[in-house]
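Structure file my_file_37.tsv with TSV, C-alpha atoms:
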```tsv
chain	number	residue	atom	x	y	z
B	1	MET	CA	-19.53	6.99	-38.08
B	2	ASP	CA	-22.57	6.27	-35.90
B	3	LEU	CA	-21.65	5.82	-32.23
B	4	SER	CA	-23.49	2.50	-31.84
B	5	VAL	CA	-21.75	1.10	-34.92
B	6	ALA	CA	-18.40	2.31	-33.59
B	7	MET	CA	-18.96	0.56	-30.25
B	8	GLU	CA	-20.01	-2.64	-31.99
B	9	GLU	CA	-16.87	-2.60	-34.13
B	10	ALA	CA	-14.78	-1.91	-31.04
B	11	ARG	CA	-16.32	-4.93	-29.33
B	12	LEU	CA	-15.63	-7.06	-32.42
B	13	ALA	CA	-12.03	-5.84	-32.48
B	14	CYS	CA	-11.62	-6.81	-28.82
B	15	SER	CA	-12.92	-10.27	-29.66
B	16	TYR	CA	-10.39	-10.55	-32.49
B	17	PHE	CA	-7.56	-9.32	-30.29
B	18	PHE	CA	-8.19	-11.68	-27.40
B	19	ASN	CA	-8.54	-14.61	-29.80
B	20	ASN	CA	-5.02	-14.01	-31.15
B	21	ARG	CA	-6.25	-12.33	-34.34
B	22	PHE	CA	-4.14	-9.26	-33.66
B	23	GLU	CA	-3.74	-7.96	-37.20
B	24	GLU	CA	-7.46	-8.27	-37.90
B	25	ALA	CA	-8.22	-6.30	-34.74
B	26	ARG	CA	-5.85	-3.50	-35.64
B	27	ALA	CA	-6.97	-3.49	-39.27
B	28	LEU	CA	-10.57	-2.98	-38.13
B	29	MET	CA	-9.67	-0.02	-35.89
B	30	ARG	CA	-6.92	1.68	-37.90
B	31	PRO	CA	-8.92	3.22	-40.82
B	32	TRP	CA	-11.22	5.22	-38.54
B	33	ALA	CA	-8.78	5.85	-35.68
B	34	HIS	CA	-8.35	9.51	-36.70
B	35	LYS	CA	-12.11	10.18	-36.91
B	36	SER	CA	-14.00	7.93	-34.46
B	37	MET	CA	-13.45	8.11	-30.70
B	38	TYR	CA	-13.96	4.36	-30.16
B	39	HIS	CA	-11.76	3.40	-33.09
B	40	GLY	CA	-9.09	5.77	-31.81
B	41	LEU	CA	-9.37	4.37	-28.30
B	42	GLY	CA	-9.36	0.79	-29.57
B	43	TYR	CA	-6.34	1.22	-31.79
B	44	GLY	CA	-4.50	3.11	-29.06
B	45	THR	CA	-5.29	0.38	-26.54
B	46	PHE	CA	-3.93	-2.33	-28.83
B	47	MET	CA	-0.71	-0.38	-29.33
B	48	TYR	CA	-0.51	0.21	-25.58
B	49	LEU	CA	-0.87	-3.52	-24.85
B	50	GLN	CA	1.86	-4.29	-27.36
B	51	ALA	CA	4.14	-1.74	-25.70
B	52	ILE	CA	3.69	-3.05	-22.16
B	53	MET	CA	4.18	-6.65	-23.30
B	54	THR	CA	7.40	-6.00	-25.21
B	55	PHE	CA	8.85	-3.01	-23.31
B	56	ASP	CA	10.54	-2.16	-26.59
B	57	PRO	CA	11.33	1.61	-26.67
B	58	LYS	CA	10.12	1.80	-30.28
B	59	ASP	CA	6.79	0.19	-29.37
B	60	ILE	CA	6.41	2.54	-26.40
B	61	GLU	CA	7.11	5.57	-28.57
B	62	LEU	CA	4.67	4.38	-31.24
B	63	ALA	CA	1.97	3.73	-28.63
B	64	ILE	CA	2.44	7.22	-27.16
B	65	GLU	CA	2.07	8.84	-30.59
B	66	THR	CA	-1.03	6.75	-31.33
B	67	LEU	CA	-2.62	7.69	-28.01
B	68	LYS	CA	-1.85	11.37	-28.60
B	69	GLN	CA	-3.90	11.14	-31.78
B	70	SER	CA	-6.65	9.28	-29.91
B	71	VAL	CA	-6.79	12.01	-27.26
B	72	ASP	CA	-7.14	14.66	-29.98
B	73	VAL	CA	-9.99	12.74	-31.63
B	74	CYS	CA	-11.86	12.32	-28.33
B	75	ASN	CA	-11.33	15.97	-27.50
B	76	LYS	CA	-13.17	17.01	-30.66
B	77	PHE	CA	-16.34	15.30	-29.42
B	78	ARG	CA	-16.16	16.49	-25.79
B	79	ARG	CA	-18.54	19.13	-24.52
B	80	LYS	CA	-17.11	22.61	-24.90
B	81	ALA	CA	-18.28	24.88	-22.09
B	82	THR	CA	-18.87	28.53	-22.91
B	83	ILE	CA	-17.69	31.31	-20.60
B	84	GLY	CA	-21.25	31.72	-19.35
B	85	GLU	CA	-21.57	28.00	-18.58
B	86	SER	CA	-18.23	27.99	-16.77
B	87	LEU	CA	-19.31	30.87	-14.56
B	88	GLY	CA	-22.73	29.28	-14.07
B	89	LYS	CA	-21.16	26.20	-12.48
B	90	MET	CA	-20.30	28.34	-9.48
B	91	VAL	CA	-23.92	29.08	-8.66
B	92	LYS	CA	-25.93	26.14	-9.95
B	93	LYS	CA	-25.60	22.42	-10.56
B	94	VAL	CA	-24.63	21.25	-14.03
B	95	ASP	CA	-27.52	19.76	-16.01
B	96	TYR	CA	-25.96	16.48	-17.09
B	97	ASN	CA	-29.12	15.51	-18.95
B	98	SER	CA	-28.21	18.18	-21.49
B	99	PHE	CA	-25.09	16.24	-22.51
B	100	THR	CA	-25.47	14.39	-25.80
B	101	LYS	CA	-24.61	10.71	-26.07
B	102	GLU	CA	-21.48	11.56	-28.07
B	103	GLU	CA	-20.30	14.06	-25.46
B	104	ILE	CA	-20.75	11.56	-22.63
B	105	HIS	CA	-18.84	8.77	-24.35
B	106	ALA	CA	-16.18	11.20	-25.56
B	107	GLU	CA	-15.46	12.22	-21.96
B	108	LEU	CA	-15.02	8.58	-20.95
B	109	CYS	CA	-12.84	7.70	-23.96
B	110	TYR	CA	-10.77	10.82	-23.31
B	111	ALA	CA	-10.18	9.78	-19.70
B	112	GLU	CA	-9.21	6.24	-20.75
B	113	CYS	CA	-6.72	7.48	-23.34
B	114	LEU	CA	-5.16	9.84	-20.80
B	115	LEU	CA	-4.81	7.00	-18.30
B	116	LEU	CA	-2.97	4.84	-20.84
B	117	ARG	CA	-0.74	7.74	-21.84
B	118	ALA	CA	0.15	8.39	-18.20
B	119	VAL	CA	1.27	4.78	-17.71
B	120	LEU	CA	3.44	4.94	-20.84
B	121	THR	CA	4.96	8.22	-19.70
B	122	PHE	CA	6.19	6.52	-16.53
B	123	MET	CA	7.50	3.61	-18.61
B	124	GLU	CA	9.31	5.82	-21.13
B	125	ASP	CA	12.05	6.87	-18.71
B	126	GLU	CA	12.55	7.51	-15.00
B	127	THR	CA	13.58	11.13	-15.02
B	128	LEU	CA	11.95	13.71	-12.79
B	129	ILE	CA	10.50	15.46	-15.84
B	130	SER	CA	8.73	12.26	-16.94
B	131	PHE	CA	7.31	11.77	-13.45
B	132	LEU	CA	5.96	15.31	-13.48
B	133	LYS	CA	4.48	14.88	-16.96
B	134	GLY	CA	2.87	11.62	-15.89
B	135	GLY	CA	1.46	13.29	-12.80
B	136	MET	CA	-0.10	16.07	-14.88
B	137	LYS	CA	-1.70	13.54	-17.22
B	138	ILE	CA	-3.10	11.62	-14.27
B	139	ARG	CA	-4.48	14.89	-12.90
B	140	ALA	CA	-6.28	15.56	-16.19
B	141	CYS	CA	-7.54	11.97	-16.21
B	142	TYR	CA	-8.77	12.42	-12.65
B	143	GLN	CA	-10.78	15.49	-13.67
B	144	SER	CA	-12.36	13.66	-16.60
B	145	TYR	CA	-13.45	10.76	-14.41
B	146	LYS	CA	-15.11	13.29	-12.11
B	147	VAL	CA	-17.24	14.36	-15.05
B	148	CYS	CA	-17.94	10.71	-15.84
B	149	TYR	CA	-19.80	10.42	-12.55
B	150	ILE	CA	-22.69	12.00	-14.41
B	151	LEU	CA	-24.04	8.48	-14.06
B	152	GLU	CA	-25.46	9.48	-10.70
B	153	GLY	CA	-27.39	12.47	-11.96
B	154	ARG	CA	-28.24	11.67	-15.55
B	155	ASP	CA	-31.47	10.07	-16.74
B	156	TRP	CA	-30.47	6.82	-18.44
B	157	SER	CA	-33.98	5.41	-18.85
B	158	LYS	CA	-33.96	5.81	-22.64
B	159	ASP	CA	-30.32	5.00	-23.28
B	160	ALA	CA	-29.47	1.45	-24.33
B	161	ASP	CA	-25.73	2.13	-23.97
B	162	LYS	CA	-25.85	2.67	-20.21
B	163	MET	CA	-24.16	-0.67	-19.54
B	164	HIS	CA	-21.20	0.14	-21.79
B	165	PHE	CA	-20.68	3.48	-20.12
B	166	GLU	CA	-20.94	2.03	-16.62
B	167	SER	CA	-18.40	-0.68	-17.38
B	168	GLY	CA	-16.02	1.98	-18.67
B	169	VAL	CA	-16.31	4.11	-15.56
B	170	ARG	CA	-15.89	1.12	-13.26
B	171	MET	CA	-12.87	-0.08	-15.22
B	172	GLY	CA	-11.32	3.38	-15.18
B	173	VAL	CA	-11.88	4.03	-11.48
B	174	GLY	CA	-10.66	0.54	-10.63
B	175	ALA	CA	-7.55	0.73	-12.81
B	176	PHE	CA	-6.86	4.27	-11.61
B	177	ASN	CA	-6.86	3.19	-7.96
B	178	LEU	CA	-4.74	0.11	-8.61
B	179	MET	CA	-2.22	2.06	-10.65
B	180	ILE	CA	-1.80	4.74	-8.00
B	181	SER	CA	-1.60	2.25	-5.12
B	182	GLN	CA	1.13	0.16	-6.77
B	183	LEU	CA	3.46	2.83	-8.13
B	184	PRO	CA	7.01	3.09	-6.74
B	185	GLN	CA	7.36	5.16	-3.60
B	186	LYS	CA	9.17	8.07	-5.26
B	187	ILE	CA	6.33	8.46	-7.77
B	188	LEU	CA	3.72	8.19	-5.03
B	189	LYS	CA	5.35	11.06	-3.17
B	190	LEU	CA	4.99	13.27	-6.22
B	191	LEU	CA	1.35	12.27	-6.70
B	192	GLU	CA	0.54	12.75	-3.03
B	193	PHE	CA	1.96	16.25	-3.36
B	194	VAL	CA	-0.87	17.10	-5.78
B	195	GLY	CA	-3.52	15.32	-3.72
B	196	PHE	CA	-3.66	11.74	-5.02
B	197	SER	CA	-3.77	8.43	-3.19
B	198	GLY	CA	-4.85	5.00	-4.37
B	199	ASN	CA	-7.19	2.52	-2.70
B	200	LYS	CA	-6.38	-1.02	-3.85
B	201	SER	CA	-9.47	-2.62	-2.27
B	202	LEU	CA	-11.81	-0.13	-3.93
B	203	GLY	CA	-10.02	-0.61	-7.23
B	204	LEU	CA	-10.49	-4.38	-7.15
B	205	SER	CA	-14.13	-3.98	-6.13
B	206	GLU	CA	-14.91	-1.63	-9.02
B	207	LEU	CA	-13.19	-3.92	-11.52
B	208	GLU	CA	-15.22	-6.89	-10.31
B	209	ARG	CA	-18.42	-4.89	-10.70
B	210	GLY	CA	-17.40	-3.98	-14.23
B	211	PHE	CA	-16.57	-7.61	-15.00
B	212	HIS	CA	-20.03	-8.77	-13.96
B	213	LEU	CA	-21.76	-6.41	-16.42
B	214	GLU	CA	-22.23	-9.20	-18.94
B	215	GLY	CA	-22.20	-8.09	-22.56
B	216	SER	CA	-20.60	-4.73	-21.81
B	217	LEU	CA	-17.85	-3.41	-24.04
B	218	ARG	CA	-15.15	-3.23	-21.37
B	219	ARG	CA	-15.98	-6.43	-19.47
B	220	VAL	CA	-12.99	-8.32	-20.90
B	221	LEU	CA	-10.67	-5.42	-20.07
B	222	CYS	CA	-11.87	-5.45	-16.46
B	223	ALA	CA	-11.04	-9.16	-16.32
B	224	LEU	CA	-7.64	-8.53	-17.90
B	225	VAL	CA	-6.70	-5.93	-15.29
B	226	LEU	CA	-7.92	-8.21	-12.50
B	227	LEU	CA	-5.91	-11.15	-13.81
B	228	GLY	CA	-2.84	-8.95	-14.04
B	229	THR	CA	-3.28	-7.82	-10.45
B	230	THR	CA	-4.36	-10.91	-8.55
B	231	SER	CA	-4.38	-14.65	-9.14
B	232	SER	CA	-7.90	-14.92	-7.72
B	233	PRO	CA	-10.74	-14.96	-10.29
B	234	PRO	CA	-13.62	-12.48	-9.95
B	235	THR	CA	-16.11	-13.56	-7.31
B	236	SER	CA	-19.84	-13.88	-7.75
B	237	SER	CA	-20.59	-11.33	-5.03
B	238	ALA	CA	-20.44	-8.33	-7.36
B	239	PRO	CA	-23.71	-6.96	-8.80
B	240	ARG	CA	-24.94	-8.67	-11.94
B	241	ARG	CA	-26.16	-7.12	-15.13
B	242	GLY	CA	-29.05	-4.77	-14.58
B	243	THR	CA	-27.82	-3.51	-11.22
B	244	TRP	CA	-27.30	0.22	-11.17
B	245	SER	CA	-26.20	1.06	-7.67
B	246	TRP	CA	-23.43	3.62	-7.77
B	247	ARG	CA	-22.25	4.74	-4.37
B	248	LYS	CA	-20.89	8.19	-3.76
B	249	PRO	CA	-17.24	8.34	-4.81
B	250	SER	CA	-14.88	8.44	-1.87
B	251	SER	CA	-12.40	11.25	-1.41
B	252	THR	CA	-9.69	8.83	-2.49
B	253	ILE	CA	-11.00	8.83	-6.04
B	254	ILE	CA	-12.78	12.04	-6.80
```
How does the structure come out when it is put into structure tokens?
Amino acid sequence: MDLSVAMEEARLACSYFFNNRFEEARALMRPWAHKSMYHGLGYGTFMYLQAIMTFDPKDIELAIETLKQSVDVCNKFRRKATIGESLGKMVKKVDYNSFTKEEIHAELCYAECLLLRAVLTFMEDETLISFLKGGMKIRACYQSYKVCYILEGRDWSKDADKMHFESGVRMGVGAFNLMISQLPQKILKLLEFVGFSGNKSLGLSELERGFHLEGSLRRVLCALVLLGTTSSPPTSSAPRRGTWSWRKPSSTII
């Protein structure tokens, strides 16, 4: 399926879902969930939301299995570095302009699926093994979001989907920071052991920036995370649509 069509269907499914047309949303995503990265991400997200709202062990298990499939689908579209390219990274900067549109969006969808899986891993049970598994998934998610900062170096002048990608990165970085900053202390100690820390203020700021990208695919999701975190609505101080002013990621994030 064409990437632009997939994103449009994902946006339509989000509209269905947040207008209480849950079955229509899932029915739109399900047929292509095993082939299209955005359908896989969309269907996995809907199952994830159902799991965190019910906390039913069966729903959590089903959401985890769905997201595993989504991760596999996204991984098929990600850029595969050859041995020569891997060694070349040590001596020269990666040419992010050589990434195809599918590879760029696959990296972002992959990171988002991993983030959702990590949250569900912590929810599944509270054993040490689960905490370690969740930490490893967050580590992989962290690495993928580093790649997603290709926004700073890539030429987006001819890409109409820039806004959708930016909103995804802002949502991911924002949610990532909020999730890390609000985890229980015993989980934080494990994550700090592998070099993680969360910045709540930065997380809220990135989510507000993503929310103000009007018409973007993940705008509603940014608002949803904000509403779940704070009772204050997004302010008007964040950059509006058309603003493309990424700052260098702090050491807290990347």
re CA of Arg219 in chain B and CA of Ser167 in chain B: distance 6.6 Å
Give me the residues near Asp161 in chain B as a CSV table (one decimal) with C-alpha atoms, keeping the file's coordinate frame, where near means some atom within 9 Å (using all atoms listed in the file) and where sequence neighbours in that chain fewer than 2 positions away do not count.
```csv
chain,number,residue,atom,x,y,z
B,4,SER,CA,-23.5,2.5,-31.8
B,101,LYS,CA,-24.6,10.7,-26.1
B,156,TRP,CA,-30.5,6.8,-18.4
B,159,ASP,CA,-30.3,5.0,-23.3
B,163,MET,CA,-24.2,-0.7,-19.5
B,164,HIS,CA,-21.2,0.1,-21.8
B,165,PHE,CA,-20.7,3.5,-20.1
B,166,GLU,CA,-20.9,2.0,-16.6
B,216,SER,CA,-20.6,-4.7,-21.8
```
Quick one: residues within 8 Å of Ser70 in chain B, all atoms listed in the file, excluding same-chain residues fewer than 2 positions away - as a PDB file with C-alpha atoms, in the frame of the given file?
```pdb
ATOM      1  CA  ALA B  33      -8.780   5.850 -35.680  1.00  0.00           C
ATOM      2  CA  HIS B  34      -8.350   9.510 -36.700  1.00  0.00           C
ATOM      3  CA  MET B  37     -13.450   8.110 -30.700  1.00  0.00           C
ATOM      4  CA  GLY B  40      -9.090   5.770 -31.810  1.00  0.00           C
ATOM      5  CA  LEU B  41      -9.370   4.370 -28.300  1.00  0.00           C
ATOM      6  CA  GLY B  44      -4.500   3.110 -29.060  1.00  0.00           C
ATOM      7  CA  THR B  66      -1.030   6.750 -31.330  1.00  0.00           C
ATOM      8  CA  LEU B  67      -2.620   7.690 -28.010  1.00  0.00           C
ATOM      9  CA  LYS B  68      -1.850  11.370 -28.600  1.00  0.00           C
ATOM     10  CA  ASP B  72      -7.140  14.660 -29.980  1.00  0.00           C
ATOM     11  CA  VAL B  73      -9.990  12.740 -31.630  1.00  0.00           C
ATOM     12  CA  CYS B  74     -11.860  12.320 -28.330  1.00  0.00           C
ATOM     13  CA  TYR B 110     -10.770  10.820 -23.310  1.00  0.00           C
ATOM     14  CA  CYS B 113      -6.720   7.480 -23.340  1.00  0.00           C
TER      15      CYS B 113
END
```
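Nearest to Gly210 in chain B of all the residues B:Ile180, B:Lys146, B:Lys189, B:Gly168 is B:Gly168, based on all atoms listed in the file.
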Of the residues B:Pro184, B:Ile104, B:Asn97, B:Leu178, which is the one nearest to Phe131 in chain B, using all atoms listed in the file? B:Pro184
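CA of Glu65 in chain B to CA of Leu12 in chain B spans 23.9 Å [interatomic distance, one decimal].
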Excluding Ala10 in chain B and residues on its chain fewer than 4 positions from it, collect all residues at most 9 Å away from it, counting only C-alpha atoms, and give them as a PyMOL selection string. chain B and resi 5-6+14-15+25+28-29+38-39+41-42+217
Just C-alpha atoms for this one: save the residues we selected as a PDB file, keeping the file's coordinate frame.
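Output below, filename out15.pdb:
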```pdb
ATOM      1  CA  VAL B   5     -21.750   1.100 -34.920  1.00  0.00           C
ATOM      2  CA  ALA B   6     -18.400   2.310 -33.590  1.00  0.00           C
ATOM      3  CA  CYS B  14     -11.620  -6.810 -28.820  1.00  0.00           C
ATOM      4  CA  SER B  15     -12.920 -10.270 -29.660  1.00  0.00           C
ATOM      5  CA  ALA B  25      -8.220  -6.300 -34.740  1.00  0.00           C
ATOM      6  CA  LEU B  28     -10.570  -2.980 -38.130  1.00  0.00           C
ATOM      7  CA  MET B  29      -9.670  -0.020 -35.890  1.00  0.00           C
ATOM      8  CA  TYR B  38     -13.960   4.360 -30.160  1.00  0.00           C
ATOM      9  CA  HIS B  39     -11.760   3.400 -33.090  1.00  0.00           C
ATOM     10  CA  LEU B  41      -9.370   4.370 -28.300  1.00  0.00           C
ATOM     11  CA  GLY B  42      -9.360   0.790 -29.570  1.00  0.00           C
ATOM     12  CA  LEU B 217     -17.850  -3.410 -24.040  1.00  0.00           C
TER      13      LEU B 217
END
```
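Between Glu9 in chain B and the candidates B:Tyr96, B:Trp32, B:Phe122, B:Tyr48, the tightest atom-to-atom separation, counting all atoms listed in the file, involves B:Trp32.
Note that CA of Asn199 in chain B and CA of Gly215 in chain B are 27.1 Å apart.
Shortest atom-to-atom contact with Pro31 in chain B among B:Met1, B:Val169, B:Asp56, B:Asn19: B:Met1, counting only C-alpha atoms.
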Taking (-14.4, -0.6, -16.2) in the coordinates of the supplied file, I want to know which residues reach to within 12 Å of it, counting only C-alpha atoms; could you give the answer as a ChimeraX atom specification? /B:108-109,111-112,145,148,163-177,203-214,216-226
Contacts of Ile64 in chain B at 12 Å or less, counting all atoms listed in the file, minus same-chain residues fewer than 3 places along, as a PDB file with C-alpha atoms, in the frame of the given file?
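Result went into part_22.pdb, see below:
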```
ATOM      1  CA  TYR B  43      -6.340   1.220 -31.790  1.00  0.00           C
ATOM      2  CA  GLY B  44      -4.500   3.110 -29.060  1.00  0.00           C
ATOM      3  CA  THR B  45      -5.290   0.380 -26.540  1.00  0.00           C
ATOM      4  CA  PHE B  46      -3.930  -2.330 -28.830  1.00  0.00           C
ATOM      5  CA  MET B  47      -0.710  -0.380 -29.330  1.00  0.00           C
ATOM      6  CA  TYR B  48      -0.510   0.210 -25.580  1.00  0.00           C
ATOM      7  CA  LEU B  49      -0.870  -3.520 -24.850  1.00  0.00           C
ATOM      8  CA  GLN B  50       1.860  -4.290 -27.360  1.00  0.00           C
ATOM      9  CA  ALA B  51       4.140  -1.740 -25.700  1.00  0.00           C
ATOM     10  CA  ILE B  52       3.690  -3.050 -22.160  1.00  0.00           C
ATOM     11  CA  PRO B  57      11.330   1.610 -26.670  1.00  0.00           C
ATOM     12  CA  LYS B  58      10.120   1.800 -30.280  1.00  0.00           C
ATOM     13  CA  ASP B  59       6.790   0.190 -29.370  1.00  0.00           C
ATOM     14  CA  ILE B  60       6.410   2.540 -26.400  1.00  0.00           C
ATOM     15  CA  GLU B  61       7.110   5.570 -28.570  1.00  0.00           C
ATOM     16  CA  LEU B  67      -2.620   7.690 -28.010  1.00  0.00           C
ATOM     17  CA  LYS B  68      -1.850  11.370 -28.600  1.00  0.00           C
ATOM     18  CA  GLN B  69      -3.900  11.140 -31.780  1.00  0.00           C
ATOM     19  CA  SER B  70      -6.650   9.280 -29.910  1.00  0.00           C
ATOM     20  CA  VAL B  71      -6.790  12.010 -27.260  1.00  0.00           C
ATOM     21  CA  CYS B 113      -6.720   7.480 -23.340  1.00  0.00           C
ATOM     22  CA  LEU B 114      -5.160   9.840 -20.800  1.00  0.00           C
ATOM     23  CA  LEU B 115      -4.810   7.000 -18.300  1.00  0.00           C
ATOM     24  CA  LEU B 116      -2.970   4.840 -20.840  1.00  0.00           C
ATOM     25  CA  ARG B 117      -0.740   7.740 -21.840  1.00  0.00           C
ATOM     26  CA  ALA B 118       0.150   8.390 -18.200  1.00  0.00           C
ATOM     27  CA  VAL B 119       1.270   4.780 -17.710  1.00  0.00           C
ATOM     28  CA  LEU B 120       3.440   4.940 -20.840  1.00  0.00           C
ATOM     29  CA  THR B 121       4.960   8.220 -19.700  1.00  0.00           C
ATOM     30  CA  PHE B 122       6.190   6.520 -16.530  1.00  0.00           C
ATOM     31  CA  MET B 123       7.500   3.610 -18.610  1.00  0.00           C
ATOM     32  CA  GLU B 124       9.310   5.820 -21.130  1.00  0.00           C
TER      33      GLU B 124
END
```
List as a list in words the protein and nucleic acid residues near Arg79 in chain B, meaning an atom at most 9 Å away when all atoms listed in the file are counted, but skip any in the same chain fewer than 4 places from it. Asn75, Phe99, Thr100, Glu102, Glu103, Ile104, Ala106 and Glu107 of chain B
Go through B:Leu128, B:Ala160, B:Gly228, B:Lys76 one by one, measure the shortest atom-to-atom distance of each to Leu190 in chain B using only C-alpha atoms, and give the residue with the smallest value. B:Leu128
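Considering only C-alpha atoms, the residue among B:Ile138, B:Leu62, B:Leu132, B:Leu227 positioned nearest to Met179 in chain B is B:Ile138.
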Provide range 95-112 of chain B rebuilt to N, CA and C atoms, formatted as an mmCIF file, keeping the file's coordinate frame.
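Wrote out_7.cif, looks like this:
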```cif
data_model
loop_
_atom_site.group_PDB
_atom_site.id
_atom_site.type_symbol
_atom_site.label_atom_id
_atom_site.label_comp_id
_atom_site.auth_asym_id
_atom_site.auth_seq_id
_atom_site.Cartn_x
_atom_site.Cartn_y
_atom_site.Cartn_z
ATOM 1 N N ASP B 95 -26.449 20.622 -15.508
ATOM 2 C CA ASP B 95 -27.520 19.760 -16.010
ATOM 3 C C ASP B 95 -26.908 18.694 -16.904
ATOM 4 N N TYR B 96 -26.610 17.534 -16.324
ATOM 5 C CA TYR B 96 -25.960 16.480 -17.090
ATOM 6 C C TYR B 96 -26.888 15.849 -18.109
ATOM 7 N N ASN B 97 -28.189 16.039 -17.953
ATOM 8 C CA ASN B 97 -29.120 15.510 -18.950
ATOM 9 C C ASN B 97 -29.006 16.248 -20.277
ATOM 10 N N SER B 98 -28.366 17.410 -20.258
ATOM 11 C CA SER B 98 -28.210 18.180 -21.490
ATOM 12 C C SER B 98 -27.031 17.682 -22.328
ATOM 13 N N PHE B 99 -26.204 16.806 -21.754
ATOM 14 C CA PHE B 99 -25.090 16.240 -22.510
ATOM 15 C C PHE B 99 -25.638 15.289 -23.576
ATOM 16 N N THR B 100 -25.084 15.352 -24.764
ATOM 17 C CA THR B 100 -25.470 14.390 -25.800
ATOM 18 C C THR B 100 -24.758 13.066 -25.553
ATOM 19 N N LYS B 101 -25.236 12.022 -26.215
ATOM 20 C CA LYS B 101 -24.610 10.710 -26.070
ATOM 21 C C LYS B 101 -23.143 10.754 -26.502
ATOM 22 N N GLU B 102 -22.864 11.466 -27.586
ATOM 23 C CA GLU B 102 -21.480 11.560 -28.070
ATOM 24 C C GLU B 102 -20.586 12.266 -27.065
ATOM 25 N N GLU B 103 -21.098 13.322 -26.432
ATOM 26 C CA GLU B 103 -20.300 14.060 -25.460
ATOM 27 C C GLU B 103 -19.988 13.221 -24.225
ATOM 28 N N ILE B 104 -20.952 12.419 -23.804
ATOM 29 C CA ILE B 104 -20.750 11.560 -22.630
ATOM 30 C C ILE B 104 -19.675 10.516 -22.907
ATOM 31 N N HIS B 105 -19.812 9.820 -24.023
ATOM 32 C CA HIS B 105 -18.840 8.770 -24.350
ATOM 33 C C HIS B 105 -17.475 9.362 -24.687
ATOM 34 N N ALA B 106 -17.456 10.557 -25.256
ATOM 35 C CA ALA B 106 -16.180 11.200 -25.560
ATOM 36 C C ALA B 106 -15.409 11.508 -24.280
ATOM 37 N N GLU B 107 -16.118 11.924 -23.234
ATOM 38 C CA GLU B 107 -15.460 12.220 -21.960
ATOM 39 C C GLU B 107 -14.826 10.959 -21.378
ATOM 40 N N LEU B 108 -15.542 9.845 -21.475
ATOM 41 C CA LEU B 108 -15.020 8.580 -20.950
ATOM 42 C C LEU B 108 -13.826 8.099 -21.777
ATOM 43 N N CYS B 109 -13.954 8.129 -23.098
ATOM 44 C CA CYS B 109 -12.840 7.700 -23.960
ATOM 45 C C CYS B 109 -11.622 8.584 -23.756
ATOM 46 N N TYR B 110 -11.857 9.875 -23.564
ATOM 47 C CA TYR B 110 -10.770 10.820 -23.310
ATOM 48 C C TYR B 110 -10.030 10.457 -22.026
ATOM 49 N N ALA B 111 -10.790 10.154 -20.974
ATOM 50 C CA ALA B 111 -10.180 9.780 -19.700
ATOM 51 C C ALA B 111 -9.376 8.490 -19.832
ATOM 52 N N GLU B 112 -9.907 7.522 -20.578
ATOM 53 C CA GLU B 112 -9.210 6.240 -20.750
ATOM 54 C C GLU B 112 -7.905 6.424 -21.521
#
```
